[in-house]
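Notes for the one structure printed next.
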Amino acid sequence: MRPERIRRFFRIILPLLYQANLLDQGWLPVYFLGTEYEKILMPPRVHLSAADSFHVMAKPIGPVCNLDCTYCYYLEKEKLFPKGENFRMKPEVLESYIRQYIESQNSPEITFAWQGGEPTLLGVEYFQKVVELEKKYAGGRRVHNALQTNGTKLDREWCRFFREHGFLVGLSLDGPRSLHDTYRVDKGGKPTFERVMHGLSLLKKHRVDFNTLTVINASNVKHALKVYDFLRETGSGFLQFIPLVERQPTGPNAPLAPPPEDGQPAMPVTRWSVPAEAYGDFLITIFDQWVRRDVGKVFVQLFDVSLGIWSGAGAGLCVFQEDCGRALAIEHNGDLFSCDHFVYPKYHLGNILNASLGDLVNSERQTAFGQAKSRLLPKYCRECDVRFACNGECPKHRFIKTPDGEEGLNYLCPAYKKFFRHVDPLMKRMTALLHSGRAPAEIMRLIRE
Ligand code: SF4
Ligand code: SF4
């Protein structure tokens, strides 16, 4: 990665993670420490005041999308709203959200995250208004934007806009053509790979900062190195893998199951969900390649987060923290929900047009939601040797039973047990390097010796 690109990337990503309460004070992507990249990132440690900070994923176009990905969990949210609903976030909601979000954060840098649905369907003019409003309310603070897109609507105008306003673009890409097109199709069932790659080439041409988000599903999970090498070759310097886990109580067209609750009957996962063991193998295969060749060059979110945990810097992702509740979701009409994965009436906290965003985030209900993560951890997890890293992962996935019959074990348990145990010796060695002031990237040479 070019130095300037790294610097710009981290100017955006660090505050974003920090606001989400995803970083402990002083955290920095640890495998860059001691490498040539550390000097160009920023002072050795980033110190921002984070008390009361939180992160909101905004859905300015609700669940509306031009694609019809088989596995999408958000398209069906349309049913939560009245028939004929206009899903475009109205000017008064947009302005209130931007003002309140900035006012309620106490960090010097503010990052907005725009998602959908597909936010680019709103058009460039809509986001020009967004940027104007951010300037109006910034009050001297730096404001950044991250936008997640399927990439099919990107053109020269969008890329110029992103570049001019320093947007970080997250591009959904599930691997090379055949793997990407397995589930990522448009409304007519047509493949989308070609259009996404065109969007990616425009992002590169216009030097827009981007990263890739890859949903690991029943299909691409069998091709770990194919996926990794492909993403690496696209020029994505930051790779996020999201395991796909959804349950569907009845037939293929039935709604997806709501979050797990006590007394809920057992339900099968969808056919496109990733098998847990296979997900563990996927991660291990890529880790073994990465640790020999790419440490300090390619940023794989889970590996970096793991090194953060092992080195004592804390978990950089909500799913591996003891508690959660500081990463919320706002719908187009101003409705605030506990988390992007909990957009259900039961987790509706209120509407920002008639309640303060800060009060809703700090409400007893939301605090209880976040603390339930550790409170409901089964005994099996509490006694687990990799609990310090896993913490029972996301509550959304806690729907299987422990070997002794206790409810609330995470479906992905076999994956994380396998992965965290596998990386333990090398994480310890990289941590030792870090603690002695050396670069974790030296691990590549040590392995070869
Ligand atoms: S429910 Fe899951 S995704 Fe949401 S904040 Fe908690 S750990 Fe994170
Ligand atoms: S690896 Fe399994 S048992 Fe261990 S903390 Fe994670 S979910 Fe619980």
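Simple scheme: letters A, B, ... for chains in structure tokens order, numbers from 1 for residues in each chain, numbers from 1 for ligands in the order shown.
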Counting only C-alpha atoms and all ligand atoms, name the residues that have an atom within 12 Å of an atom of ligand 1; the answer should be given as number ranges by chain.
A: 20-22, 54-57, 242-243, 259-260, 315-329, 337-343, 347, 366-374, 390-398, 410
Find the nearest atom pair between each residue of chain A and ligand 2 for residues within 8 Å, count only C-alpha atoms and all ligand atoms, give distances in Å to one decimal, sort rows by chain and ascending number, and present the table as a Markdown table.
| residue | atom | partner | partner_atom_place_in_ligand_line | distance |
| --- | --- | --- | --- | --- |
| A:Leu377 | CA | ligand 2 | 8 (Fe) | 7.7 |
| A:Pro378 | CA | ligand 2 | 8 (Fe) | 7.4 |
| A:Tyr380 | CA | ligand 2 | 3 (S) | 5.5 |
| A:Cys381 | CA | ligand 2 | 8 (Fe) | 3.6 |
| A:Arg382 | CA | ligand 2 | 5 (S) | 6.7 |
| A:Glu383 | CA | ligand 2 | 3 (S) | 7.5 |
| A:Cys384 | CA | ligand 2 | 4 (Fe) | 4.6 |
| A:Asp385 | CA | ligand 2 | 4 (Fe) | 6.6 |
| A:Val386 | CA | ligand 2 | 4 (Fe) | 5.3 |
| A:Arg387 | CA | ligand 2 | 5 (S) | 3.9 |
| A:Phe388 | CA | ligand 2 | 5 (S) | 7.4 |
| A:Ala389 | CA | ligand 2 | 5 (S) | 7.5 |
| A:Cys390 | CA | ligand 2 | 6 (Fe) | 4.5 |
| A:Asn391 | CA | ligand 2 | 5 (S) | 4.8 |
| A:Gly392 | CA | ligand 2 | 7 (S) | 3.9 |
| A:Glu393 | CA | ligand 2 | 7 (S) | 6.2 |
| A:Leu409 | CA | ligand 2 | 7 (S) | 5.9 |
| A:Asn410 | CA | ligand 2 | 7 (S) | 4.9 |
| A:Tyr411 | CA | ligand 2 | 7 (S) | 7.6 |
| A:Leu412 | CA | ligand 2 | 7 (S) | 6.7 |
| A:Cys413 | CA | ligand 2 | 2 (Fe) | 3.7 |
| A:Pro414 | CA | ligand 2 | 2 (Fe) | 6.2 |
| A:Ala415 | CA | ligand 2 | 1 (S) | 7.5 |
| A:Tyr416 | CA | ligand 2 | 1 (S) | 4.9 |
| A:Lys417 | CA | ligand 2 | 1 (S) | 4.0 |
| A:Lys418 | CA | ligand 2 | 1 (S) | 7.7 |
| A:Phe420 | CA | ligand 2 | 1 (S) | 7.8 |
Pull C-alpha atoms from the residues just selected and write them as a JSON list (two decimals), in the first residue's frame.
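The resulting file, again-v7.json, is shown below:
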[["chain", "number", "residue", "atom", "x", "y", "z"],
["A", 377, "LEU", "CA", -22.80, -16.50, 28.60],
["A", 378, "PRO", "CA", -23.18, -20.25, 29.18],
["A", 380, "TYR", "CA", -19.31, -23.91, 28.85],
["A", 381, "CYS", "CA", -18.02, -20.57, 27.52],
["A", 382, "ARG", "CA", -17.05, -19.24, 30.93],
["A", 383, "GLU", "CA", -14.77, -22.26, 31.32],
["A", 384, "CYS", "CA", -13.43, -22.20, 27.77],
["A", 385, "ASP", "CA", -9.69, -21.79, 27.21],
["A", 386, "VAL", "CA", -10.22, -19.22, 24.40],
["A", 387, "ARG", "CA", -13.01, -17.30, 26.09],
["A", 388, "PHE", "CA", -10.61, -14.35, 26.58],
["A", 389, "ALA", "CA", -10.60, -13.97, 22.77],
["A", 390, "CYS", "CA", -14.09, -15.12, 21.82],
["A", 391, "ASN", "CA", -16.41, -14.08, 24.66],
["A", 392, "GLY", "CA", -19.16, -16.18, 23.10],
["A", 393, "GLU", "CA", -19.13, -14.02, 19.93],
["A", 409, "LEU", "CA", -23.99, -21.51, 22.83],
["A", 410, "ASN", "CA", -22.80, -19.80, 19.69],
["A", 411, "TYR", "CA", -23.38, -21.64, 16.41],
["A", 412, "LEU", "CA", -19.87, -20.61, 15.33],
["A", 413, "CYS", "CA", -18.26, -22.04, 18.50],
["A", 414, "PRO", "CA", -16.43, -24.86, 16.67],
["A", 415, "ALA", "CA", -14.96, -22.31, 14.25],
["A", 416, "TYR", "CA", -13.64, -19.95, 16.88],
["A", 417, "LYS", "CA", -12.38, -22.69, 19.21],
["A", 418, "LYS", "CA", -10.43, -24.16, 16.33],
["A", 420, "PHE", "CA", -8.12, -19.21, 18.24]]
Report task. Enumerate, as a ChimeraX atom specification, the complete set of residues in region 196-298 of chain A that a backbone-based DSSP assignment places in alpha helix (DSSP H). Result -> /A:196-205,224-234,276-293
Just to be explicit: take each residue in the selection above, keep N, CA and C atoms, and write the result as a short mmCIF file (atom, residue, chain, number, x, y, z; two decimals), in the first residue's frame.
data_model
loop_
_atom_site.label_atom_id
_atom_site.label_comp_id
_atom_site.auth_asym_id
_atom_site.auth_seq_id
_atom_site.Cartn_x
_atom_site.Cartn_y
_atom_site.Cartn_z
N VAL A 196 -19.60 -5.06 -10.49
CA VAL A 196 -18.86 -4.72 -9.26
C VAL A 196 -17.39 -4.46 -9.60
N MET A 197 -16.84 -5.29 -10.48
CA MET A 197 -15.42 -5.11 -10.83
C MET A 197 -15.21 -3.81 -11.61
N HIS A 198 -16.22 -3.43 -12.38
CA HIS A 198 -16.13 -2.15 -13.07
C HIS A 198 -16.10 -1.02 -12.03
N GLY A 199 -16.97 -1.13 -11.04
CA GLY A 199 -16.99 -0.14 -9.95
C GLY A 199 -15.65 -0.09 -9.24
N LEU A 200 -15.09 -1.27 -8.98
CA LEU A 200 -13.80 -1.33 -8.29
C LEU A 200 -12.70 -0.65 -9.11
N SER A 201 -12.73 -0.87 -10.43
CA SER A 201 -11.69 -0.26 -11.26
C SER A 201 -11.83 1.27 -11.26
N LEU A 202 -13.08 1.76 -11.17
CA LEU A 202 -13.27 3.21 -11.11
C LEU A 202 -12.76 3.77 -9.78
N LEU A 203 -13.02 3.03 -8.70
CA LEU A 203 -12.53 3.48 -7.39
C LEU A 203 -11.01 3.61 -7.42
N LYS A 204 -10.37 2.62 -8.04
CA LYS A 204 -8.90 2.65 -8.11
C LYS A 204 -8.43 3.81 -9.00
N LYS A 205 -9.08 3.93 -10.14
CA LYS A 205 -8.70 4.97 -11.09
C LYS A 205 -8.78 6.36 -10.45
N ALA A 224 -10.86 -21.10 0.34
CA ALA A 224 -10.21 -20.05 1.13
C ALA A 224 -9.12 -19.31 0.37
N LEU A 225 -8.16 -20.04 -0.20
CA LEU A 225 -7.03 -19.36 -0.84
C LEU A 225 -7.43 -18.67 -2.14
N LYS A 226 -8.38 -19.26 -2.82
CA LYS A 226 -8.88 -18.64 -4.04
C LYS A 226 -9.48 -17.25 -3.69
N VAL A 227 -10.25 -17.22 -2.62
CA VAL A 227 -10.89 -15.96 -2.19
C VAL A 227 -9.81 -14.97 -1.74
N TYR A 228 -8.91 -15.45 -0.89
CA TYR A 228 -7.88 -14.55 -0.33
C TYR A 228 -6.98 -13.98 -1.42
N ASP A 229 -6.48 -14.83 -2.28
CA ASP A 229 -5.56 -14.36 -3.32
C ASP A 229 -6.26 -13.40 -4.28
N PHE A 230 -7.51 -13.71 -4.56
CA PHE A 230 -8.26 -12.82 -5.45
C PHE A 230 -8.41 -11.43 -4.83
N LEU A 231 -8.83 -11.39 -3.56
CA LEU A 231 -9.05 -10.10 -2.91
C LEU A 231 -7.75 -9.31 -2.80
N ARG A 232 -6.71 -10.03 -2.50
CA ARG A 232 -5.39 -9.40 -2.39
C ARG A 232 -4.99 -8.77 -3.73
N GLU A 233 -5.27 -9.50 -4.79
CA GLU A 233 -4.89 -9.00 -6.12
C GLU A 233 -5.76 -7.82 -6.59
N THR A 234 -6.94 -7.68 -6.03
CA THR A 234 -7.77 -6.53 -6.43
C THR A 234 -7.17 -5.23 -5.92
N ALA A 276 -20.11 -24.24 10.51
CA ALA A 276 -19.18 -23.68 11.51
C ALA A 276 -17.77 -24.25 11.37
N GLU A 277 -17.65 -25.57 11.29
CA GLU A 277 -16.31 -26.18 11.19
C GLU A 277 -15.57 -25.65 9.96
N ALA A 278 -16.32 -25.57 8.86
CA ALA A 278 -15.71 -25.12 7.60
C ALA A 278 -15.24 -23.67 7.71
N TYR A 279 -15.96 -22.86 8.47
CA TYR A 279 -15.54 -21.47 8.64
C TYR A 279 -14.21 -21.42 9.41
N GLY A 280 -14.09 -22.28 10.40
CA GLY A 280 -12.81 -22.36 11.14
C GLY A 280 -11.68 -22.74 10.21
N ASP A 281 -11.91 -23.72 9.36
CA ASP A 281 -10.86 -24.16 8.42
C ASP A 281 -10.51 -23.05 7.44
N PHE A 282 -11.52 -22.32 6.99
CA PHE A 282 -11.32 -21.20 6.07
C PHE A 282 -10.36 -20.18 6.70
N LEU A 283 -10.65 -19.80 7.92
CA LEU A 283 -9.82 -18.79 8.60
C LEU A 283 -8.40 -19.30 8.81
N ILE A 284 -8.29 -20.56 9.19
CA ILE A 284 -6.95 -21.12 9.46
C ILE A 284 -6.13 -21.17 8.18
N THR A 285 -6.74 -21.60 7.09
CA THR A 285 -6.02 -21.69 5.82
C THR A 285 -5.48 -20.32 5.41
N ILE A 286 -6.31 -19.30 5.54
CA ILE A 286 -5.86 -17.96 5.15
C ILE A 286 -4.82 -17.43 6.14
N PHE A 287 -5.04 -17.70 7.39
CA PHE A 287 -4.06 -17.23 8.39
C PHE A 287 -2.68 -17.82 8.09
N ASP A 288 -2.64 -19.11 7.79
CA ASP A 288 -1.35 -19.77 7.55
C ASP A 288 -0.62 -19.16 6.34
N GLN A 289 -1.38 -18.74 5.38
CA GLN A 289 -0.79 -18.07 4.21
C GLN A 289 -0.33 -16.66 4.59
N TRP A 290 -1.21 -15.96 5.25
CA TRP A 290 -0.95 -14.56 5.62
C TRP A 290 0.27 -14.43 6.52
N VAL A 291 0.37 -15.31 7.49
CA VAL A 291 1.43 -15.17 8.50
C VAL A 291 2.81 -15.49 7.90
N ARG A 292 2.83 -16.14 6.77
CA ARG A 292 4.11 -16.45 6.11
C ARG A 292 4.49 -15.41 5.07
N ARG A 293 3.53 -14.62 4.63
CA ARG A 293 3.78 -13.78 3.47
C ARG A 293 3.34 -12.33 3.60
#
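The residues of region 172-357 of chain A that DSSP classifies as strand (DSSP E), using the backbone of this structure, are A:Ser172, A:Asp209, A:Phe210, A:Asn211, A:Thr212, A:Leu213, A:Thr214, A:Val215, A:Ile216, A:Phe238, A:Leu239, A:Gln240, A:Phe241, A:Ile242, A:Pro243, A:Phe299, A:Val300, A:Ala327, A:Leu328, A:Ala329, A:Ile330, A:Asp335, A:Leu336, A:Phe337, A:His348, A:Leu349, A:Gly350, A:Asn351.
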C-alpha atoms of the current selection, written as an mmCIF file, in the first residue's frame:
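Produced file result.cif, reproduced below:
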data_model
loop_
_atom_site.group_PDB
_atom_site.id
_atom_site.type_symbol
_atom_site.label_atom_id
_atom_site.label_comp_id
_atom_site.auth_asym_id
_atom_site.auth_seq_id
_atom_site.Cartn_x
_atom_site.Cartn_y
_atom_site.Cartn_z
ATOM 1 C CA SER A 172 -19.122 -6.005 -1.108
ATOM 2 C CA ASP A 209 -9.979 4.747 -0.400
ATOM 3 C CA PHE A 210 -11.784 1.434 -0.328
ATOM 4 C CA ASN A 211 -11.828 -1.872 1.489
ATOM 5 C CA THR A 212 -13.635 -5.107 0.773
ATOM 6 C CA LEU A 213 -16.299 -6.891 2.745
ATOM 7 C CA THR A 214 -16.662 -10.566 1.946
ATOM 8 C CA VAL A 215 -19.563 -12.621 3.230
ATOM 9 C CA ILE A 216 -18.331 -16.122 3.968
ATOM 10 C CA PHE A 238 -8.139 -4.211 4.172
ATOM 11 C CA LEU A 239 -10.162 -7.415 4.124
ATOM 12 C CA GLN A 240 -13.202 -8.079 6.266
ATOM 13 C CA PHE A 241 -14.748 -11.526 6.430
ATOM 14 C CA ILE A 242 -18.318 -11.737 7.701
ATOM 15 C CA PRO A 243 -19.611 -15.250 8.491
ATOM 16 C CA PHE A 299 -4.831 -5.968 6.780
ATOM 17 C CA VAL A 300 -7.149 -8.878 7.604
ATOM 18 C CA ALA A 327 -23.081 -0.036 17.793
ATOM 19 C CA LEU A 328 -26.640 0.840 16.820
ATOM 20 C CA ALA A 329 -28.674 1.214 13.637
ATOM 21 C CA ILE A 330 -30.911 4.063 12.496
ATOM 22 C CA ASP A 335 -36.204 4.885 14.280
ATOM 23 C CA LEU A 336 -33.221 3.766 16.340
ATOM 24 C CA PHE A 337 -32.517 0.073 16.978
ATOM 25 C CA HIS A 348 -36.742 -0.441 18.761
ATOM 26 C CA LEU A 349 -35.421 2.194 21.179
ATOM 27 C CA GLY A 350 -37.364 5.218 19.919
ATOM 28 C CA ASN A 351 -37.304 7.847 17.194
#
Between region 328-398 of chain A and region 77-100 of chain A, at 7 Å or less, what are the per-residue closest atom pairs and their distances in Å? Count only C-alpha atoms, order by chain and rising residue number, and return it as CSV.
residue,atom,partner,partner_atom,distance
A:His332,CA,A:Met89,CA,4.3
A:Asn333,CA,A:Met89,CA,6.0
A:Gly334,CA,A:Val93,CA,5.9
A:Leu353,CA,A:Val93,CA,6.9
A:Leu357,CA,A:Gln100,CA,6.3
Residues just named, written with C-alpha atoms as a tab-separated table (two decimals), in the first residue's frame:
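So the final result, stored in selection.tsv, reads:
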chain	number	residue	atom	x	y	z
A	332	HIS	CA	-34.64	6.10	7.21
A	333	ASN	CA	-37.55	7.40	9.34
A	334	GLY	CA	-35.41	8.12	12.41
A	353	LEU	CA	-37.43	13.17	16.03
A	357	LEU	CA	-30.24	10.27	20.22
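Ranking A:Leu376, A:Cys159, A:Ala218, A:Leu154 by their shortest atom-to-atom distance to Leu179 (chain A), with only C-alpha atoms included, puts A:Ala218 first.
Residues in contact with Gly312 (chain A) at 9 Å, where only C-alpha atoms are counted and same-chain residues fewer than 4 positions away are skipped, are listed as Leu307, Gly308 and Thr431 of chain A.
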Separating CA of Ala355 (chain A) from CA of Val143 (chain A), to the nearest tenth of an Å, is a gap of 23.5 Å
**OP:** Find the residues around Gly139 (chain A) up to 12 Å (only C-alpha atoms counted), leave out those fewer than 3 positions away in its own chain, and share them as a list of chain:residue names.
**Re:** A:Arg99, A:Ile102, A:Glu103, A:Gln105, A:Asn106, A:Pro108, A:Glu109, A:Ile110, A:Leu133, A:Glu134, A:Lys135, A:Lys136, A:Arg142, A:Val143
